[in-house]
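Quick look at data-v7.tsv (TSV, C-alpha atoms):
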chain	number	residue	atom	x	y	z
U	21	MET	CA	-165.38	-98.32	9.92
U	22	ALA	CA	-165.12	-94.54	10.21
U	23	LYS	CA	-168.19	-92.69	11.47
U	24	ASP	CA	-170.19	-90.61	9.00
U	25	TYR	CA	-170.07	-87.28	10.79
U	26	TYR	CA	-172.21	-85.58	8.14
U	27	ALA	CA	-174.98	-88.16	8.64
U	28	ILE	CA	-174.72	-87.78	12.42
U	29	LEU	CA	-175.39	-84.03	12.11
U	30	GLY	CA	-177.93	-84.59	9.33
U	31	VAL	CA	-176.20	-82.35	6.78
U	32	GLN	CA	-174.80	-82.80	3.27
U	33	LYS	CA	-171.06	-83.13	2.66
U	34	SER	CA	-171.22	-79.75	0.90
U	35	ALA	CA	-172.75	-78.06	3.97
U	36	THR	CA	-171.41	-74.62	4.88
U	37	GLU	CA	-169.89	-73.78	8.24
U	38	ALA	CA	-173.10	-71.96	9.21
U	39	GLU	CA	-175.28	-74.96	8.26
U	40	ILE	CA	-173.09	-77.31	10.30
U	41	LYS	CA	-173.23	-75.00	13.32
U	42	GLN	CA	-177.02	-74.66	13.02
U	43	ALA	CA	-177.49	-78.45	12.84
U	44	TYR	CA	-175.18	-78.95	15.82
U	45	ARG	CA	-177.01	-76.39	17.97
U	46	LYS	CA	-180.37	-77.98	17.18
U	47	LEU	CA	-179.23	-81.52	17.99
U	48	SER	CA	-177.28	-80.55	21.11
U	49	LYS	CA	-180.43	-78.91	22.50
U	50	GLU	CA	-182.59	-81.94	21.69
U	51	LEU	CA	-180.12	-84.45	23.15
U	52	HIS	CA	-178.74	-82.46	26.09
U	53	PRO	CA	-178.29	-84.76	29.14
U	54	ASP	CA	-180.26	-82.37	31.35
U	55	LYS	CA	-183.37	-83.25	29.31
U	56	HIS	CA	-182.74	-87.01	29.28
U	57	LYS	CA	-181.28	-87.89	32.65
U	58	GLY	CA	-180.48	-91.60	32.89
U	59	ASP	CA	-181.02	-92.23	29.16
U	60	LYS	CA	-177.73	-93.81	28.11
U	61	GLY	CA	-178.78	-93.95	24.46
U	62	LYS	CA	-179.42	-90.20	24.30
U	63	GLU	CA	-176.18	-89.56	26.21
U	64	ALA	CA	-174.18	-91.60	23.68
U	65	LYS	CA	-175.87	-89.80	20.80
U	66	PHE	CA	-175.11	-86.43	22.44
U	67	LYS	CA	-171.42	-87.34	22.68
U	68	GLU	CA	-171.46	-88.51	19.05
U	69	VAL	CA	-172.95	-85.20	17.91
U	70	ASN	CA	-170.27	-83.25	19.82
U	71	GLU	CA	-167.56	-85.46	18.30
U	72	ALA	CA	-168.91	-84.83	14.80
U	73	TYR	CA	-169.09	-81.07	15.35
U	74	GLU	CA	-165.57	-80.94	16.78
U	75	VAL	CA	-164.27	-82.41	13.51
U	76	LEU	CA	-166.49	-80.66	10.96
U	77	SER	CA	-166.21	-77.21	12.57
U	78	ASP	CA	-162.41	-77.30	12.30
U	79	THR	CA	-161.14	-76.59	8.76
U	80	THR	CA	-158.03	-78.77	9.11
U	81	LYS	CA	-159.80	-81.69	10.77
U	82	ARG	CA	-162.64	-81.54	8.27
U	83	GLY	CA	-160.19	-81.55	5.37
U	84	ASN	CA	-158.40	-84.60	6.75
U	85	TYR	CA	-161.72	-86.32	7.41
U	86	ASP	CA	-163.01	-85.64	3.89
U	87	ARG	CA	-159.78	-86.90	2.37
U	88	PHE	CA	-158.87	-89.83	4.57
U	89	GLY	CA	-161.93	-90.62	6.68
U	90	ASN	CA	-159.92	-89.70	9.78
U	91	ALA	CA	-159.68	-86.23	11.27
U	92	ASP	CA	-156.23	-86.87	12.78
U	93	PHE	CA	-154.58	-88.34	9.66
U	94	GLY	CA	-151.26	-86.60	9.42
U	95	GLY	CA	-149.54	-88.49	6.60
U	96	PHE	CA	-148.88	-92.03	5.37
U	97	GLY	CA	-147.38	-94.91	7.33
U	98	GLY	CA	-145.03	-93.73	10.02
U	99	GLY	CA	-145.70	-90.06	9.32
U	100	ALA	CA	-143.55	-87.50	7.58
U	101	GLY	CA	-142.09	-86.15	10.78
U	102	GLY	CA	-140.52	-89.44	11.84
U	103	GLY	CA	-136.92	-90.28	11.11
U	104	GLY	CA	-137.77	-93.73	9.80
U	105	GLY	CA	-139.75	-92.59	6.76
U	106	PHE	CA	-142.96	-94.31	5.72
U	107	GLY	CA	-142.15	-97.95	6.38
U	108	GLY	CA	-143.96	-99.23	3.28
U	109	PHE	CA	-146.57	-97.57	1.07
U	110	SER	CA	-149.21	-100.24	1.59
U	111	GLN	CA	-149.27	-99.37	5.27
U	112	GLY	CA	-150.02	-95.75	4.40
U	113	PHE	CA	-153.11	-96.69	2.38
U	114	GLU	CA	-154.69	-98.67	5.18
U	115	GLY	CA	-158.14	-97.34	6.01
U	116	MET	CA	-158.01	-94.61	3.36
U	117	ASN	CA	-161.01	-93.40	1.40
U	118	PHE	CA	-160.42	-93.59	-2.37
U	119	ASN	CA	-163.54	-91.74	-3.42
U	120	GLY	CA	-161.40	-88.71	-4.09
U	121	ASP	CA	-159.01	-87.68	-6.86
U	122	LEU	CA	-155.45	-89.04	-7.18
U	123	ASN	CA	-154.34	-85.44	-6.83
U	124	ASP	CA	-155.42	-85.70	-3.18
U	125	ILE	CA	-153.01	-88.60	-2.69
U	126	PHE	CA	-150.07	-86.76	-4.25
U	127	SER	CA	-150.85	-83.53	-2.40
U	128	SER	CA	-150.71	-85.40	0.91
U	129	PHE	CA	-147.12	-86.38	0.08
U	130	PHE	CA	-145.87	-83.04	-1.12
U	131	SER	CA	-147.65	-80.74	1.34
U	132	GLY	CA	-149.45	-82.76	4.02
U	133	GLY	CA	-146.23	-83.96	5.59
U	134	GLY	CA	-145.00	-80.53	6.44
U	135	GLY	CA	-143.39	-78.93	3.37
U	136	GLY	CA	-146.31	-76.55	2.90
U	137	ARG	CA	-147.14	-76.07	6.55
U	138	LYS	CA	-146.36	-73.10	8.69
U	139	PRO	CA	-143.99	-73.56	11.62
U	140	ASP	CA	-145.82	-75.09	14.60
U	141	THR	CA	-144.58	-72.43	17.01
U	142	ARG	CA	-148.04	-71.00	17.65
U	143	GLY	CA	-149.89	-72.47	20.60
U	144	ARG	CA	-152.86	-74.71	19.96
U	145	ASN	CA	-156.42	-73.74	20.77
U	146	VAL	CA	-157.84	-75.09	24.01
U	147	GLU	CA	-161.50	-76.07	24.31
U	148	VAL	CA	-163.43	-76.19	27.58
U	149	GLU	CA	-167.11	-76.58	28.42
U	150	ILE	CA	-168.90	-74.76	31.22
U	151	SER	CA	-172.42	-75.04	32.60
U	152	ILE	CA	-174.13	-71.88	33.84
U	153	PRO	CA	-177.47	-71.15	35.55
U	154	PHE	CA	-180.21	-70.04	33.16
U	155	MET	CA	-180.48	-66.57	34.69
U	156	ASP	CA	-176.75	-65.96	34.10
U	157	SER	CA	-177.56	-65.99	30.39
U	158	VAL	CA	-180.17	-63.29	31.01
U	159	LYS	CA	-178.11	-60.88	33.07
U	160	GLY	CA	-174.60	-61.87	31.99
U	161	SER	CA	-171.93	-62.93	34.46
U	162	GLU	CA	-168.28	-63.77	34.95
U	163	ARG	CA	-166.82	-67.21	35.43
U	164	THR	CA	-163.28	-68.17	36.46
U	165	ILE	CA	-161.96	-71.21	34.58
U	166	THR	CA	-158.85	-73.20	35.46
U	167	PHE	CA	-157.42	-75.76	33.05
U	168	THR	CA	-154.17	-77.58	32.31
U	169	THR	CA	-152.20	-76.57	29.22
U	170	GLN	CA	-148.79	-75.38	28.09
U	171	ILE	CA	-147.99	-72.10	29.86
U	172	VAL	CA	-145.11	-69.66	29.47
U	173	CYS	CA	-141.96	-70.86	31.24
U	174	ASP	CA	-141.27	-68.48	34.14
U	175	GLU	CA	-137.58	-69.38	34.12
U	176	CYS	CA	-136.83	-67.97	30.67
U	177	ALA	CA	-139.99	-65.85	30.22
U	178	GLY	CA	-140.89	-67.93	27.17
U	179	ALA	CA	-137.68	-67.29	25.23
U	180	GLY	CA	-136.49	-70.89	25.52
U	181	GLY	CA	-132.86	-69.99	26.17
U	182	ALA	CA	-130.83	-69.90	29.35
U	183	GLU	CA	-130.02	-66.48	30.80
U	184	GLY	CA	-127.71	-64.58	28.42
U	185	SER	CA	-128.17	-67.17	25.65
U	186	LYS	CA	-128.74	-66.02	22.06
U	187	ASN	CA	-130.69	-67.67	19.26
U	188	ILE	CA	-128.52	-69.30	16.62
U	189	THR	CA	-129.19	-70.91	13.25
U	190	CYS	CA	-130.50	-74.46	13.53
U	191	LYS	CA	-127.78	-76.90	12.46
U	192	GLU	CA	-130.27	-79.59	11.48
U	193	CYS	CA	-132.02	-77.56	8.76
U	194	GLY	CA	-129.50	-74.78	8.17
U	195	GLY	CA	-132.06	-72.15	9.10
U	196	THR	CA	-134.64	-73.13	6.48
U	197	GLY	CA	-137.06	-74.67	8.97
U	198	SER	CA	-137.45	-77.85	6.89
U	199	VAL	CA	-135.48	-80.94	5.93
U	200	THR	CA	-135.78	-83.28	2.94
U	201	ARG	CA	-136.52	-86.98	3.35
U	202	THR	CA	-136.88	-89.77	0.83
U	203	ALA	CA	-139.68	-92.32	1.12
U	204	LYS	CA	-140.40	-95.47	-0.84
U	205	SER	CA	-143.82	-95.71	-2.43
U	206	LEU	CA	-145.87	-97.49	-5.05
U	207	PHE	CA	-144.70	-94.83	-7.50
U	208	GLY	CA	-141.03	-95.16	-6.60
U	209	ALA	CA	-138.84	-93.02	-4.35
U	210	ILE	CA	-140.45	-89.72	-3.37
U	211	ARG	CA	-138.51	-86.80	-1.92
U	212	GLN	CA	-140.49	-84.86	0.59
U	213	SER	CA	-139.79	-81.63	2.44
U	214	VAL	CA	-140.91	-81.86	6.04
U	215	MET	CA	-140.75	-79.59	9.06
U	216	CYS	CA	-137.53	-79.68	11.02
U	217	GLU	CA	-138.16	-81.36	14.36
U	218	THR	CA	-135.23	-79.64	16.03
U	219	CYS	CA	-136.41	-76.04	15.57
U	220	HIS	CA	-140.05	-76.84	14.73
U	221	GLY	CA	-139.88	-74.79	11.55
U	222	ALA	CA	-138.50	-71.63	13.17
U	223	GLY	CA	-135.00	-71.98	11.67
U	224	LYS	CA	-133.36	-70.86	14.92
U	225	VAL	CA	-132.71	-72.46	18.31
U	226	PRO	CA	-131.36	-71.14	21.61
U	227	GLU	CA	-127.58	-71.37	21.87
U	228	LYS	CA	-128.07	-72.81	25.36
U	229	ALA	CA	-131.49	-74.20	26.21
U	230	CYS	CA	-133.38	-73.27	29.37
U	231	LYS	CA	-133.10	-76.16	31.85
U	232	LYS	CA	-136.72	-75.90	33.00
U	233	CYS	CA	-138.43	-76.03	29.59
U	234	SER	CA	-135.62	-77.64	27.54
U	235	GLY	CA	-135.72	-74.73	25.10
U	236	ALA	CA	-139.43	-74.87	24.32
U	237	GLY	CA	-140.24	-71.67	26.20
U	238	ARG	CA	-143.29	-73.33	27.74
U	239	VAL	CA	-144.11	-75.97	30.32
U	240	SER	CA	-147.20	-77.87	31.38
U	241	GLY	CA	-149.15	-76.09	34.09
U	242	LYS	CA	-152.44	-74.68	35.32
U	243	LYS	CA	-153.88	-71.56	33.72
U	244	THR	CA	-156.73	-69.49	35.19
U	245	VAL	CA	-158.83	-67.23	32.98
U	246	THR	CA	-161.80	-65.02	33.86
U	247	VAL	CA	-164.53	-65.31	31.23
U	248	ARG	CA	-167.17	-62.62	30.74
U	249	ILE	CA	-170.44	-64.28	29.75
U	250	PRO	CA	-172.56	-61.83	27.75
U	251	ALA	CA	-176.29	-61.39	28.36
U	252	GLY	CA	-178.31	-63.27	25.76
U	253	ILE	CA	-175.88	-66.14	25.14
U	254	ASP	CA	-177.66	-69.37	24.16
U	255	ASP	CA	-177.09	-73.01	24.99
U	256	GLY	CA	-174.41	-74.52	22.74
U	257	GLN	CA	-172.80	-71.23	21.74
U	258	THR	CA	-169.03	-70.86	21.87
U	259	MET	CA	-166.98	-67.89	23.03
U	260	ARG	CA	-163.46	-67.39	21.67
U	261	LEU	CA	-160.88	-65.72	23.91
U	262	THR	CA	-157.98	-64.75	21.68
U	263	GLY	CA	-154.54	-65.64	23.03
U	264	GLU	CA	-155.82	-67.39	26.15
U	265	GLY	CA	-155.08	-70.93	24.96
U	266	GLU	CA	-151.84	-72.88	24.86
U	267	ALA	CA	-148.62	-70.81	24.97
U	268	GLY	CA	-146.61	-70.72	21.75
U	269	ARG	CA	-143.08	-72.09	21.49
U	270	GLN	CA	-140.29	-69.71	22.43
U	271	GLY	CA	-142.52	-66.69	22.99
U	272	GLN	CA	-144.61	-67.04	19.85
U	273	THR	CA	-148.36	-66.37	19.65
U	274	SER	CA	-150.59	-68.27	22.05
U	275	GLY	CA	-153.59	-70.21	20.83
U	276	ASP	CA	-157.16	-69.26	21.65
U	277	LEU	CA	-159.48	-70.50	24.37
U	278	LEU	CA	-162.82	-71.79	23.07
U	279	VAL	CA	-165.48	-71.87	25.78
U	280	HIS	CA	-168.55	-73.97	24.96
U	281	VAL	CA	-171.51	-72.78	27.04
U	282	ARG	CA	-174.25	-75.03	28.38
U	283	LEU	CA	-177.32	-73.58	30.08
U	284	GLU	CA	-178.90	-75.30	33.04
U	285	ALA	CA	-182.65	-75.84	32.70
U	286	ASP	CA	-185.05	-73.50	34.54
U	287	ALA	CA	-188.40	-74.90	35.70
U	288	ARG	CA	-190.15	-71.57	35.14
U	289	PHE	CA	-189.03	-70.65	31.65
U	290	GLU	CA	-188.51	-72.22	28.25
U	291	ARG	CA	-186.32	-70.36	25.80
U	292	VAL	CA	-187.19	-70.39	22.09
U	293	GLY	CA	-184.70	-68.27	20.18
U	294	ASP	CA	-184.81	-64.87	21.88
U	295	ASP	CA	-188.34	-65.40	23.22
U	296	ILE	CA	-189.42	-66.90	26.54
U	297	ARG	CA	-192.44	-69.11	27.12
U	298	SER	CA	-194.18	-69.91	30.40
U	299	THR	CA	-197.52	-71.21	31.66
U	300	LEU	CA	-200.15	-69.35	33.70
U	301	PRO	CA	-202.53	-71.48	35.81
U	302	LEU	CA	-205.92	-69.72	35.76
U	303	SER	CA	-209.13	-70.54	37.60
U	304	VAL	CA	-212.35	-71.10	35.68
U	305	ILE	CA	-213.94	-68.02	37.28
U	306	ASP	CA	-211.02	-65.76	36.32
U	307	ALA	CA	-211.04	-67.14	32.78
U	308	VAL	CA	-214.76	-66.45	32.44
U	309	LEU	CA	-214.89	-63.03	34.08
U	310	GLY	CA	-211.37	-61.79	33.33
U	311	THR	CA	-208.81	-60.60	35.86
U	312	GLU	CA	-205.31	-59.23	36.33
U	313	ALA	CA	-202.38	-61.56	36.92
U	314	ASP	CA	-198.75	-61.08	37.95
U	315	ILE	CA	-196.51	-62.81	35.39
U	316	GLU	CA	-192.94	-63.70	36.27
U	317	THR	CA	-190.59	-62.95	33.36
U	318	VAL	CA	-186.82	-62.99	33.00
U	319	GLN	CA	-186.99	-59.19	33.21
U	320	GLY	CA	-188.98	-59.22	36.46
U	321	THR	CA	-192.65	-59.48	37.45
U	322	THR	CA	-195.19	-57.66	35.32
U	323	THR	CA	-198.99	-57.31	35.63
U	324	VAL	CA	-201.09	-58.47	32.69
U	325	SER	CA	-204.83	-58.03	32.05
U	326	ILE	CA	-206.55	-61.35	31.35
U	327	PRO	CA	-209.59	-60.68	29.11
U	328	ALA	CA	-212.99	-62.18	29.95
U	329	GLY	CA	-213.67	-65.39	28.09
U	330	THR	CA	-210.04	-66.48	27.93
U	331	GLN	CA	-209.81	-70.02	26.50
U	332	PRO	CA	-207.62	-72.96	27.59
U	333	GLY	CA	-204.31	-72.87	25.71
U	334	GLN	CA	-204.73	-69.24	24.71
U	335	VAL	CA	-201.36	-67.47	24.36
U	336	LEU	CA	-200.76	-63.94	25.63
U	337	ARG	CA	-197.82	-61.90	24.36
U	338	ILE	CA	-195.82	-59.56	26.59
U	339	LYS	CA	-193.66	-57.52	24.25
U	340	GLY	CA	-190.01	-56.88	25.09
U	341	LYS	CA	-189.93	-59.08	28.20
U	342	GLY	CA	-187.96	-61.95	26.69
U	343	MET	CA	-184.22	-62.65	26.41
U	344	PRO	CA	-181.69	-59.93	25.64
U	345	VAL	CA	-180.73	-60.28	21.98
U	346	LEU	CA	-176.98	-60.93	21.97
U	347	ASN	CA	-175.02	-57.74	21.21
U	348	ALA	CA	-178.15	-56.02	19.84
U	349	GLY	CA	-179.46	-53.84	22.69
U	350	ARG	CA	-183.02	-55.17	22.47
U	351	HIS	CA	-185.12	-58.01	23.86
U	352	GLY	CA	-187.33	-60.79	22.60
U	353	ASP	CA	-190.90	-61.29	23.82
U	354	HIS	CA	-192.52	-63.35	26.57
U	355	TYR	CA	-195.40	-65.66	25.66
U	356	VAL	CA	-197.76	-66.97	28.35
U	357	THR	CA	-199.91	-70.02	27.68
U	358	VAL	CA	-203.09	-70.07	29.77
U	359	ASP	CA	-203.80	-73.32	31.63
U	360	ILE	CA	-207.40	-73.39	32.94
U	361	VAL	CA	-207.44	-75.14	36.33
U	362	VAL	CA	-210.67	-77.05	36.93
U	363	PRO	CA	-211.34	-77.61	40.65
U	364	THR	CA	-211.55	-81.27	41.71
U	365	LYS	CA	-213.34	-80.54	45.00
U	366	LEU	CA	-216.09	-78.00	45.62
U	367	SER	CA	-217.64	-76.71	48.81
U	368	ARG	CA	-221.40	-76.94	49.17
U	369	ASP	CA	-221.81	-73.24	48.35
U	370	GLU	CA	-219.52	-73.47	45.32
U	371	LYS	CA	-221.36	-76.48	43.98
U	372	LYS	CA	-224.66	-74.67	44.41
U	373	LEU	CA	-223.37	-71.67	42.47
U	374	PHE	CA	-222.21	-73.87	39.58
U	375	GLU	CA	-225.59	-75.61	39.51
U	376	GLU	CA	-227.37	-72.27	39.35
U	377	LEU	CA	-225.02	-71.21	36.51
U	378	LYS	CA	-225.82	-74.43	34.67
U	379	LYS	CA	-229.58	-73.75	34.97
U	380	ALA	CA	-229.08	-70.19	33.73
U	381	GLN	CA	-227.42	-71.44	30.55
U	382	LYS	CA	-230.46	-73.56	29.58

Same coordinates, now as structure tokens:
Amino acid sequence: MAKDYYAILGVQKSATEAEIKQAYRKLSKELHPDKHKGDKGKEAKFKEVNEAYEVLSDTTKRGNYDRFGNADFGGFGGGAGGGGGFGGFSQGFEGMNFNGDLNDIFSSFFSGGGGGRKPDTRGRNVEVEISIPFMDSVKGSERTITFTTQIVCDECAGAGGAEGSKNITCKECGGTGSVTRTAKSLFGAIRQSVMCETCHGAGKVPEKACKKCSGAGRVSGKKTVTVRIPAGIDDGQTMRLTGEGEAGRQGQTSGDLLVHVRLEADARFERVGDDIRSTLPLSVIDAVLGTEADIETVQGTTTVSIPAGTQPGQVLRIKGKGMPVLNAGRHGDHYVTVDIVVPTKLSRDEKKLFEELKKAQK
């Protein structure tokens, strides 16, 4: 049975892109492995949440999931791109969700198989995840990422043709970029226009293909990209680097690189939105009489006046000493929660002083 990705993220099927992203960020923070080390149940749930977001945040995958219950459903039976057709209509209906309109079924035949699609010459997006120290999100940093993808062929410089070769009209589709196939179905024979597999919808092919890439203009290889991490980025946010993903076919546009950022926990600070929270251990004497204390913030150490009579759990606000607000030129605040430390052992003189204080209060 297909997973209910909407239920996993706790949103309605009609949820907007922003609502889905907000739900994902909340759950990924709650379930992050750094907070639940060794908890296999939480780890499995975390992976499930990421899987759900990967599908629902992608317009194409979400559409396929809503229609078929499967984000990777590309057509019925054997798939429109295959030379053997559908291989029986009943096979195509296996596992489908019929809660939708019959128009959805027909549209999958007449457009889902490729007739209405753009040529697949553009490179696909590549997604990577990086983990950075907490303070890197405060100051910003750079990170070099290396990953395996399709890169431009250095033999033909991405053109796909051998040296001196020209592009000619594809003989398979006659330059149209698509071919017509007939498939048997419950409704009879259906003619369907699908993308030409020879030219991948481009309508042209190299007269003589490059030997290294076989005419694709790209080969599998390692790609290294330097990523600038902006100050103020939060755990679970994604950066998009345009054109840094998979190389397109025969010199066409490259896909994008999507970098999912994870922040490592910091024992000193807790981030809440753009604000920072920390705890200040304070002696009973200092709480009663008041004092000055050096508070460590993400912006550096600052001195704060502790008023006399400060209570346990009292929260002090230090304005403008929180996280940089992403791309806004301002900062959040720092909140300090006072933790009164009661001594467990007293010297003779200290005990005597407390006894005298107790008598004075009577």

So which one's closest to U:Arg45, U:Pro363, U:Gly256, U:Gly340, U:Gly197? Using all atoms listed in the file, please. U:Gly256

Find, counting all atoms listed in the file, the residue in U:Thr168, U:Ile360, U:Ile305, U:Gly320 that gets nearest to U:Leu373.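 Comparing U:Thr168, U:Ile360, U:Ile305, U:Gly320 against U:Leu373, the winner is U:Ile305.
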
I'd like the neighbourhood of stretch 258-266 of chain U as a PyMOL selection string, where a residue qualifies if any of its atoms comes within 9 Å (using all atoms listed in the file), though same-chain residues fewer than 4 positions away should be ignored. chain U and resi 142-147+149+169-172+243+245+247+249+253+273-281

Distance in Å - atom CA of U:Val304 versus atom CA of U:Leu336: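 Value for the atom CA of U:Val304-atom CA of U:Leu336 distance: 16.9 Å.
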
Give me, as JSON lines, the closest atom pair and its distance (Å, one decimal) for every residue of stretch 289-313 of chain U within a cut-off of 12 Å of stretch 46-57 of chain U, counting only C-alpha atoms, rows sorted by chain and rising number.
{"residue": "U:Glu290", "atom": "CA", "partner": "U:Lys49", "partner_atom": "CA", "distance": 12.0}
{"residue": "U:Arg291", "atom": "CA", "partner": "U:Lys49", "partner_atom": "CA", "distance": 10.9}
{"residue": "U:Val292", "atom": "CA", "partner": "U:Lys49", "partner_atom": "CA", "distance": 10.9}
{"residue": "U:Gly293", "atom": "CA", "partner": "U:Lys46", "partner_atom": "CA", "distance": 11.0}

Pick from U:Gly223, U:Gly235, U:Gly194, U:Gly329 nearest to U:Cys173, counting all atoms listed in the file: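 Of U:Gly223, U:Gly235, U:Gly194, U:Gly329, the one nearest U:Cys173, counting all atoms listed in the file, is U:Gly235.
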
Nearby residues (all atoms listed in the file) at most 9 Å from U:Arg238, same-chain spacing under 5 positions excluded, as a VMD selection string: chain U and resid 170 to 174 176 to 180 232 to 233 267 to 271

How would the residues just chosen look if you wrote them out with C-alpha atoms as a tab-separated table (two decimals), keeping the file's coordinate frame?
chain	number	residue	atom	x	y	z
U	170	GLN	CA	-148.79	-75.38	28.09
U	171	ILE	CA	-147.99	-72.10	29.86
U	172	VAL	CA	-145.11	-69.66	29.47
U	173	CYS	CA	-141.96	-70.86	31.24
U	174	ASP	CA	-141.27	-68.48	34.14
U	176	CYS	CA	-136.83	-67.97	30.67
U	177	ALA	CA	-139.99	-65.85	30.22
U	178	GLY	CA	-140.89	-67.93	27.17
U	179	ALA	CA	-137.68	-67.29	25.23
U	180	GLY	CA	-136.49	-70.89	25.52
U	232	LYS	CA	-136.72	-75.90	33.00
U	233	CYS	CA	-138.43	-76.03	29.59
U	267	ALA	CA	-148.62	-70.81	24.97
U	268	GLY	CA	-146.61	-70.72	21.75
U	269	ARG	CA	-143.08	-72.09	21.49
U	270	GLN	CA	-140.29	-69.71	22.43
U	271	GLY	CA	-142.52	-66.69	22.99

Using all atoms listed in the file: which of U:Ser151, U:Thr36, U:Ser213, U:Thr196 has the shortest distance to U:Thr79: U:Thr36

(-134.2, -75.9, 8.8) in this file's frame - what residues fall within 9 Å of it? Use only C-alpha atoms and give the answer as a PyMOL selection string. chain U and resi 189-199+215-224

Rounded to one decimal in Å, what is the spacing between atom CA of U:Glu68 and atom CA of U:Ala285? 21.7 Å

Can you pull out every residue within 7 Å of stretch 26-35 of chain U, counting all atoms listed in the file, but drop anything in the same chain fewer than 3 positions away, and send it as a list in words?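 The contact residues come out as Glu39, Ile40, Ala43, Tyr44, Val69 and Ala72 of chain U.
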
Contacts of U:Gln334 at 10 Å (only C-alpha atoms; same-chain gap of 4+ positions) as a ChimeraX atom specification: /U:330,356-360

Selection: 8 Å around U:Ser185, only C-alpha atoms, excl. self and same-chain fewer than 6 positions, as a list in words: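 The residues that qualify are Pro226, Glu227, Lys228 and Ala229 of chain U.
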
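Reported to one decimal place, the separation of atom CA of U:Phe154 from atom CA of U:Ile296 is 11.8 Å.
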
Could you check the closest approach to U:Ala236 for each of U:Glu63, U:Gly181, U:Val214, U:Arg201 and tell me which residue wins, using only C-alpha atoms? U:Gly181

Tell me which of U:Glu175, U:Gln319, U:Arg337, U:Lys159 sits closest to U:Val239, counting all atoms listed in the file. U:Glu175
